[in-house]
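Everything on this sheet refers to the single structure shown next.
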Amino acid sequence: MAIARPIRVLGLLAIGLWVFFLYQVFGPEKYPKGPGDSIKNMDRDPNLDITGEPEGLLYRADKGYGLGAEGTMRINATLLSLVRNEEVDGMVQAMEDLERTWNSKFNYPWTFFNDKPFSDEFKRRTRAATKAEIHYELIPSEHWDVPSWIDDELFNESSEILKENDIQYANLKSYHQMCRWNSGLFYKHPALKDTQFYWRVEPKVHFFCDVDYDVFRYMVDHNKTYGFTINLYDAPASIPSLWPETTKFLAAHPEHIHPNNALPWLSDSARRPEHNMKANGYSTCHFWSNFEIADMSFWRSQAYEDYFNHLDRAGGFFYERWGDAPVHSIALGLFEDSSKIHWFRDIGYQHIPYFNCPNSPKCKGCMAGRFTDGESWLMKEDCRPNWFKFVGMD
Ligand SMILES: Nc1nc2c(ncn2[C@@H]2O[C@H](COP(=O)(O)OP(=O)(O)OP(=O)(O)O)[C@@H](O)[C@H]2O)c(=O)[nH]1
Ligand SMILES: [Mg+2]
């Protein structure tokens, strides 16, 4: 008996729907869309996975973290910020975020640095944002001033070229001074003489997650030198001679290279070949240093001292726009044991336009796994996949 046409169509539709259903259930696994989806070597953004606290010994705020002399558990560490008086609004906002999520429990001191004296307003408003100790420090002019060997005319000419290449802040001399100070001078300030660890905080950054352990003690107990949250590509036009200068330095000082270095991360040319080419052999991958939790012993080591002096003499802090981020990152990647570099995946963080936002009930105000809230092309600036591939996620 022939089956009526509408029944046949319905039957086919039902079979089609059933196949579609089976494909959805048993087909290739699907994950929520995250930054990693479009990136080779990182099938899935790890920030989409549930994140807890790091494993191992953690110190809680239950005892020894009171104010002043009660803080017997605190180690010699400080929250550290280079900031201008006029940035006080953004600074107070960043402080409030970090105090709420972490420091109100541990009461580590804040140390503010400025090339000009801090205003009364800056002091009054920042004091009101924390119950911990605060130090206000002036940067000595010999640390801030443009070095004698930098030629002003050449600086002006170079900054025009950088500007043509869309390098932000290229003709702002103070930006170059800031990058140089953050690269190789901050830890030489007399106020930090007895301080070993710091957590760098910039105005306007955000912190999203409650962190309930002493991160500085974590660094010590787990033998870490450097902690980061975000790992990016840099603009090659800001650093064309940084890698060539680095290789020159290495030829003269091969003894500084650590056997367990992160050179494959620094020199990768597979993922963004153009970047590597324009930066003359450097992938441009770097830890985004507006967030850093680090041990200054590394910056104070002979290897880093020699490296910084070499770069400083080469002039690229002014004639190009070498940032402290690539400079710190190259040094860490070459001279440090890469297992001593830690991804603080549990610290929710934002400096416009990038995030580190873990999937955790301890976090509020950011979207887990979201790398940027800016234009979608910014996604390709993410260099975490290479760090995870070549070094790991610890
Ligand atoms: N005291 C002082 N601080 C500065 C100066 N220039 C920059 N800074 C600080 O150095 C840090 C980095 O400067 P930013 O202007 O944030 O540079 P950036 O992060 O590359 O740029 P943005 O994307 O605009 O935030 C911030 O903490 C600033 O407050 C300066 O001339 N004097
Ligand atoms: Mg900034």
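We label chains A, B, ... in the order they appear in the structure tokens, count residues from 1 in each chain, and number ligands from 1 in the order shown.
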
Practice task
Identify, counting only C-alpha atoms and all ligand atoms, the protein, DNA and RNA residues located within 10 Å of ligand 1, and give them as a PyMOL selection string.
Solution key: chain A and resi 80-88+90-91+112-118+138-139+144+168-169+172-179+181-182+200-205+288-291+323-325+351-353

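Neighbours of Arg300 in chain A closer than or equal to 10 Å, with only C-alpha atoms counted and sequence neighbours fewer than 5 positions away skipped, come out as Gly184, Leu185, Tyr187, Lys188, Gln196, Asp295, Glu305 and Asp306 of chain A.
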
Using only C-alpha atoms, which protein or nucleic acid residues come within 8 Å of Glu96 in chain A? Drop anything in the same chain fewer than 4 positions from it, and give the result as a PDB file with N, CA and C atoms, in the first residue's frame.
ATOM      1  N   VAL A  92      43.049  54.713  43.641  1.00  0.00           N
ATOM      2  CA  VAL A  92      42.171  54.347  44.758  1.00  0.00           C
ATOM      3  C   VAL A  92      41.236  53.209  44.337  1.00  0.00           C
ATOM      4  N   ARG A 100      39.886  44.656  48.916  1.00  0.00           N
ATOM      5  CA  ARG A 100      38.671  43.849  49.120  1.00  0.00           C
ATOM      6  C   ARG A 100      38.944  42.357  48.905  1.00  0.00           C
ATOM      7  N   ALA A 129      42.147  54.294  51.771  1.00  0.00           N
ATOM      8  CA  ALA A 129      41.763  53.078  51.043  1.00  0.00           C
ATOM      9  C   ALA A 129      42.350  51.799  51.638  1.00  0.00           C
ATOM     10  N   THR A 130      43.191  51.954  52.670  1.00  0.00           N
ATOM     11  CA  THR A 130      43.781  50.751  53.279  1.00  0.00           C
ATOM     12  C   THR A 130      44.055  51.001  54.754  1.00  0.00           C
TER      13      THR A 130
END

Handout entry: Exercise: Trp149 in chain A partners within 12 Å, only C-alpha atoms, chain neighbours under 5 positions left out, as a ChimeraX atom specification
Key = /A:154-155,312-319

Practice task
Would you mind telling me which residue in A:Gly281, A:Arg271, A:Tyr226, A:Ala94 lies nearest to ligand 2 when using only C-alpha atoms and all ligand atoms?
Solution key: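 Looking only at the distances to ligand 2, the closest residue turns out to be A:Ala94.
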
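With only C-alpha atoms as the atoms that count, the minimum distance from Trp322 in chain A to the choices A:Pro236, A:Pro385, A:Gly374, A:Gly365 is reached by A:Pro236.
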
Problem - One-decimal distance in Å that lies between CA of Gly348 in chain A and CA of Asp394 in chain A - result: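 Separating CA of Asp394 in chain A from CA of Gly348 in chain A is a distance of 16.2 Å.
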
Exercise for the section: Would you mind listing what lies within 7 Å of Trp110 in chain A as a list in words, with only C-alpha atoms counted and same-chain residues fewer than 3 positions away left out? Expected result: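 Using only C-alpha atoms, the neighbours found are Thr78, Leu79, Leu80, Glu133, Ile134 and His135 of chain A.
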
Problem - Residue contacts of Ser159 in chain A (8 Å, only C-alpha atoms) excluding same-chain residues fewer than 5 positions away, as a ChimeraX atom specification - result: /A:170-171,319-320

Practice task
Point out the residue among A:Glu245, A:Glu255, A:Asp97, A:Asp145 with the least atom-to-atom distance to Phe208 in chain A, counting only C-alpha atoms.
Solution key: A:Asp97

Problem - Selected residue of minimal separation from Thr126 in chain A among A:Leu263, A:Ala4, A:Ala294, A:Met95, counting only C-alpha atoms - result: A:Met95

Practice task
DSSP on the backbone, then: every residue of range 183-254 of chain A marked helix (DSSP H, G or I), written as JSON, numbers by chain.
Solution key: {"A": [183, 184, 186, 187, 188, 190, 191, 192, 215, 216, 217, 218, 219, 220, 221, 236, 237, 238, 242, 243, 244, 245, 246, 247, 248, 249, 250, 251, 252, 254]}

Take the residues from that selection and put them in a file with N, CA and C atoms, as a PDB file, in the first residue's frame.
ATOM      1  N   SER A 183      62.034  48.718  34.170  1.00  0.00           N
ATOM      2  CA  SER A 183      62.875  47.603  33.731  1.00  0.00           C
ATOM      3  C   SER A 183      64.026  47.372  34.688  1.00  0.00           C
ATOM      4  N   GLY A 184      64.744  48.431  34.997  1.00  0.00           N
ATOM      5  CA  GLY A 184      66.018  48.178  35.665  1.00  0.00           C
ATOM      6  C   GLY A 184      66.369  49.066  36.829  1.00  0.00           C
ATOM      7  N   PHE A 186      63.680  50.301  39.513  1.00  0.00           N
ATOM      8  CA  PHE A 186      62.780  50.426  40.673  1.00  0.00           C
ATOM      9  C   PHE A 186      63.318  49.696  41.902  1.00  0.00           C
ATOM     10  N   TYR A 187      63.898  48.524  41.672  1.00  0.00           N
ATOM     11  CA  TYR A 187      64.344  47.685  42.799  1.00  0.00           C
ATOM     12  C   TYR A 187      65.644  48.197  43.415  1.00  0.00           C
ATOM     13  N   LYS A 188      66.188  49.269  42.828  1.00  0.00           N
ATOM     14  CA  LYS A 188      67.403  49.869  43.404  1.00  0.00           C
ATOM     15  C   LYS A 188      67.053  51.050  44.301  1.00  0.00           C
ATOM     16  N   PRO A 190      66.320  53.121  47.427  1.00  0.00           N
ATOM     17  CA  PRO A 190      66.706  52.839  48.813  1.00  0.00           C
ATOM     18  C   PRO A 190      65.543  52.339  49.679  1.00  0.00           C
ATOM     19  N   ALA A 191      64.323  52.783  49.368  1.00  0.00           N
ATOM     20  CA  ALA A 191      63.178  52.363  50.193  1.00  0.00           C
ATOM     21  C   ALA A 191      62.906  50.860  50.072  1.00  0.00           C
ATOM     22  N   LEU A 192      63.467  50.231  49.043  1.00  0.00           N
ATOM     23  CA  LEU A 192      63.211  48.784  48.854  1.00  0.00           C
ATOM     24  C   LEU A 192      64.426  47.938  49.236  1.00  0.00           C
ATOM     25  N   VAL A 215      49.925  35.205  49.051  1.00  0.00           N
ATOM     26  CA  VAL A 215      50.576  34.923  47.753  1.00  0.00           C
ATOM     27  C   VAL A 215      52.097  35.072  47.829  1.00  0.00           C
ATOM     28  N   PHE A 216      52.568  35.952  48.700  1.00  0.00           N
ATOM     29  CA  PHE A 216      54.030  36.108  48.809  1.00  0.00           C
ATOM     30  C   PHE A 216      54.645  34.856  49.425  1.00  0.00           C
ATOM     31  N   ARG A 217      53.983  34.338  50.456  1.00  0.00           N
ATOM     32  CA  ARG A 217      54.494  33.094  51.046  1.00  0.00           C
ATOM     33  C   ARG A 217      54.384  31.940  50.048  1.00  0.00           C
ATOM     34  N   TYR A 218      53.351  31.995  49.223  1.00  0.00           N
ATOM     35  CA  TYR A 218      53.222  30.973  48.175  1.00  0.00           C
ATOM     36  C   TYR A 218      54.475  30.991  47.288  1.00  0.00           C
ATOM     37  N   MET A 219      54.895  32.171  46.915  1.00  0.00           N
ATOM     38  CA  MET A 219      56.085  32.304  46.053  1.00  0.00           C
ATOM     39  C   MET A 219      57.302  31.672  46.728  1.00  0.00           C
ATOM     40  N   VAL A 220      57.464  31.961  48.005  1.00  0.00           N
ATOM     41  CA  VAL A 220      58.622  31.427  48.735  1.00  0.00           C
ATOM     42  C   VAL A 220      58.502  29.910  48.872  1.00  0.00           C
ATOM     43  N   ASP A 221      57.353  29.462  49.359  1.00  0.00           N
ATOM     44  CA  ASP A 221      57.198  28.034  49.655  1.00  0.00           C
ATOM     45  C   ASP A 221      57.257  27.163  48.414  1.00  0.00           C
ATOM     46  N   PRO A 236      55.835  44.590  17.227  1.00  0.00           N
ATOM     47  CA  PRO A 236      57.236  44.443  16.811  1.00  0.00           C
ATOM     48  C   PRO A 236      57.924  45.773  16.535  1.00  0.00           C
ATOM     49  N   ALA A 237      57.162  46.754  16.039  1.00  0.00           N
ATOM     50  CA  ALA A 237      57.798  48.032  15.695  1.00  0.00           C
ATOM     51  C   ALA A 237      58.313  48.790  16.922  1.00  0.00           C
ATOM     52  N   SER A 238      57.897  48.364  18.110  1.00  0.00           N
ATOM     53  CA  SER A 238      58.389  49.055  19.312  1.00  0.00           C
ATOM     54  C   SER A 238      59.728  48.473  19.785  1.00  0.00           C
ATOM     55  N   LEU A 242      65.627  44.907  19.971  1.00  0.00           N
ATOM     56  CA  LEU A 242      65.763  44.321  21.315  1.00  0.00           C
ATOM     57  C   LEU A 242      66.337  42.903  21.261  1.00  0.00           C
ATOM     58  N   TRP A 243      65.843  42.105  20.321  1.00  0.00           N
ATOM     59  CA  TRP A 243      66.352  40.732  20.243  1.00  0.00           C
ATOM     60  C   TRP A 243      67.780  40.691  19.701  1.00  0.00           C
ATOM     61  N   PRO A 244      68.072  41.446  18.624  1.00  0.00           N
ATOM     62  CA  PRO A 244      69.476  41.496  18.180  1.00  0.00           C
ATOM     63  C   PRO A 244      70.427  41.937  19.304  1.00  0.00           C
ATOM     64  N   GLU A 245      70.027  42.913  20.111  1.00  0.00           N
ATOM     65  CA  GLU A 245      70.896  43.322  21.233  1.00  0.00           C
ATOM     66  C   GLU A 245      71.015  42.183  22.248  1.00  0.00           C
ATOM     67  N   THR A 246      69.925  41.462  22.424  1.00  0.00           N
ATOM     68  CA  THR A 246      69.936  40.348  23.379  1.00  0.00           C
ATOM     69  C   THR A 246      70.891  39.253  22.893  1.00  0.00           C
ATOM     70  N   THR A 247      70.843  38.956  21.615  1.00  0.00           N
ATOM     71  CA  THR A 247      71.740  37.892  21.121  1.00  0.00           C
ATOM     72  C   THR A 247      73.203  38.330  21.209  1.00  0.00           C
ATOM     73  N   LYS A 248      73.439  39.630  21.007  1.00  0.00           N
ATOM     74  CA  LYS A 248      74.812  40.143  21.192  1.00  0.00           C
ATOM     75  C   LYS A 248      75.239  39.917  22.641  1.00  0.00           C
ATOM     76  N   PHE A 249      74.343  40.247  23.538  1.00  0.00           N
ATOM     77  CA  PHE A 249      74.661  40.083  24.961  1.00  0.00           C
ATOM     78  C   PHE A 249      74.930  38.607  25.288  1.00  0.00           C
ATOM     79  N   LEU A 250      74.111  37.745  24.736  1.00  0.00           N
ATOM     80  CA  LEU A 250      74.268  36.309  25.026  1.00  0.00           C
ATOM     81  C   LEU A 250      75.591  35.768  24.487  1.00  0.00           C
ATOM     82  N   ALA A 251      76.017  36.304  23.342  1.00  0.00           N
ATOM     83  CA  ALA A 251      77.291  35.847  22.775  1.00  0.00           C
ATOM     84  C   ALA A 251      78.434  36.185  23.739  1.00  0.00           C
ATOM     85  N   ALA A 252      78.292  37.336  24.417  1.00  0.00           N
ATOM     86  CA  ALA A 252      79.347  37.740  25.353  1.00  0.00           C
ATOM     87  C   ALA A 252      79.189  37.076  26.723  1.00  0.00           C
ATOM     88  N   PRO A 254      77.392  33.830  27.674  1.00  0.00           N
ATOM     89  CA  PRO A 254      76.607  32.590  27.583  1.00  0.00           C
ATOM     90  C   PRO A 254      76.417  31.937  28.960  1.00  0.00           C
TER      91      PRO A 254
END

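Each of A:Tyr354, A:Gly333, A:Ile293, A:Trp299 was checked against ligand 2 using only C-alpha atoms and all ligand atoms; the smallest atom-to-atom distance is that of A:Tyr354.
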
Practice task
Would you mind reading off the distance between CA of Phe106 in chain A and CA of Ser339 in chain A, one decimal, in Å?
Solution key: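 So the answer is 26.4 Å.
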
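For the set A:His275, A:Lys362, A:Lys224, A:Lys389, the residue with the smallest atom-to-atom gap to Glu336 in chain A is A:Lys224, counting only C-alpha atoms.
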
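Here CA of Thr372 in chain A is placed at a distance of 18.2 Å from CA of Trp387 in chain A.
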
Practice task
Mind checking which residues fall within 9 Å of Leu232 in chain A, counting only C-alpha atoms, ignoring those fewer than 6 positions away in the same chain, and posting them as an MDAnalysis selection string?
Solution key: chainID A and resid 284:288 380:384

I need the chosen residues saved as a compact mmCIF listing (two decimals), in the first residue's frame, with N, CA and C atoms.
# COMPACT_ATOMS: atom_id res chain seq x y z
N THR A 284 58.03 38.06 20.39
CA THR A 284 57.40 39.22 21.06
C THR A 284 56.52 38.81 22.25
N CYS A 285 56.51 37.52 22.56
CA CYS A 285 55.69 37.08 23.71
C CYS A 285 56.28 37.60 25.01
N HIS A 286 55.40 38.07 25.86
CA HIS A 286 55.87 38.63 27.14
C HIS A 286 54.78 38.52 28.20
N PHE A 287 55.23 38.54 29.43
CA PHE A 287 54.28 38.63 30.56
C PHE A 287 53.85 40.08 30.64
N TRP A 288 52.56 40.29 30.81
CA TRP A 288 52.07 41.67 30.83
C TRP A 288 52.38 42.25 32.20
N LYS A 380 43.93 37.66 19.02
CA LYS A 380 45.16 37.05 18.49
C LYS A 380 46.40 37.53 19.24
N GLU A 381 46.22 38.51 20.12
CA GLU A 381 47.37 38.99 20.91
C GLU A 381 47.70 38.07 22.08
N ASP A 382 46.89 37.06 22.27
CA ASP A 382 47.07 36.15 23.40
C ASP A 382 48.22 35.19 23.14
N CYS A 383 49.24 35.23 23.97
CA CYS A 383 50.35 34.29 23.78
C CYS A 383 50.37 33.19 24.83
N ARG A 384 49.32 33.10 25.64
CA ARG A 384 49.31 32.02 26.64
C ARG A 384 49.45 30.64 26.02

Practice task
From a DSSP pass on the backbone, collect the residues of range 133-378 of chain A flagged as strand (DSSP E or B) and hand them back as number ranges by chain.
Solution key: A: 134-138, 197-200, 206-207, 209, 226-228, 231-232, 286-287, 292-295, 341-343, 349-351, 354-356, 359, 363, 372
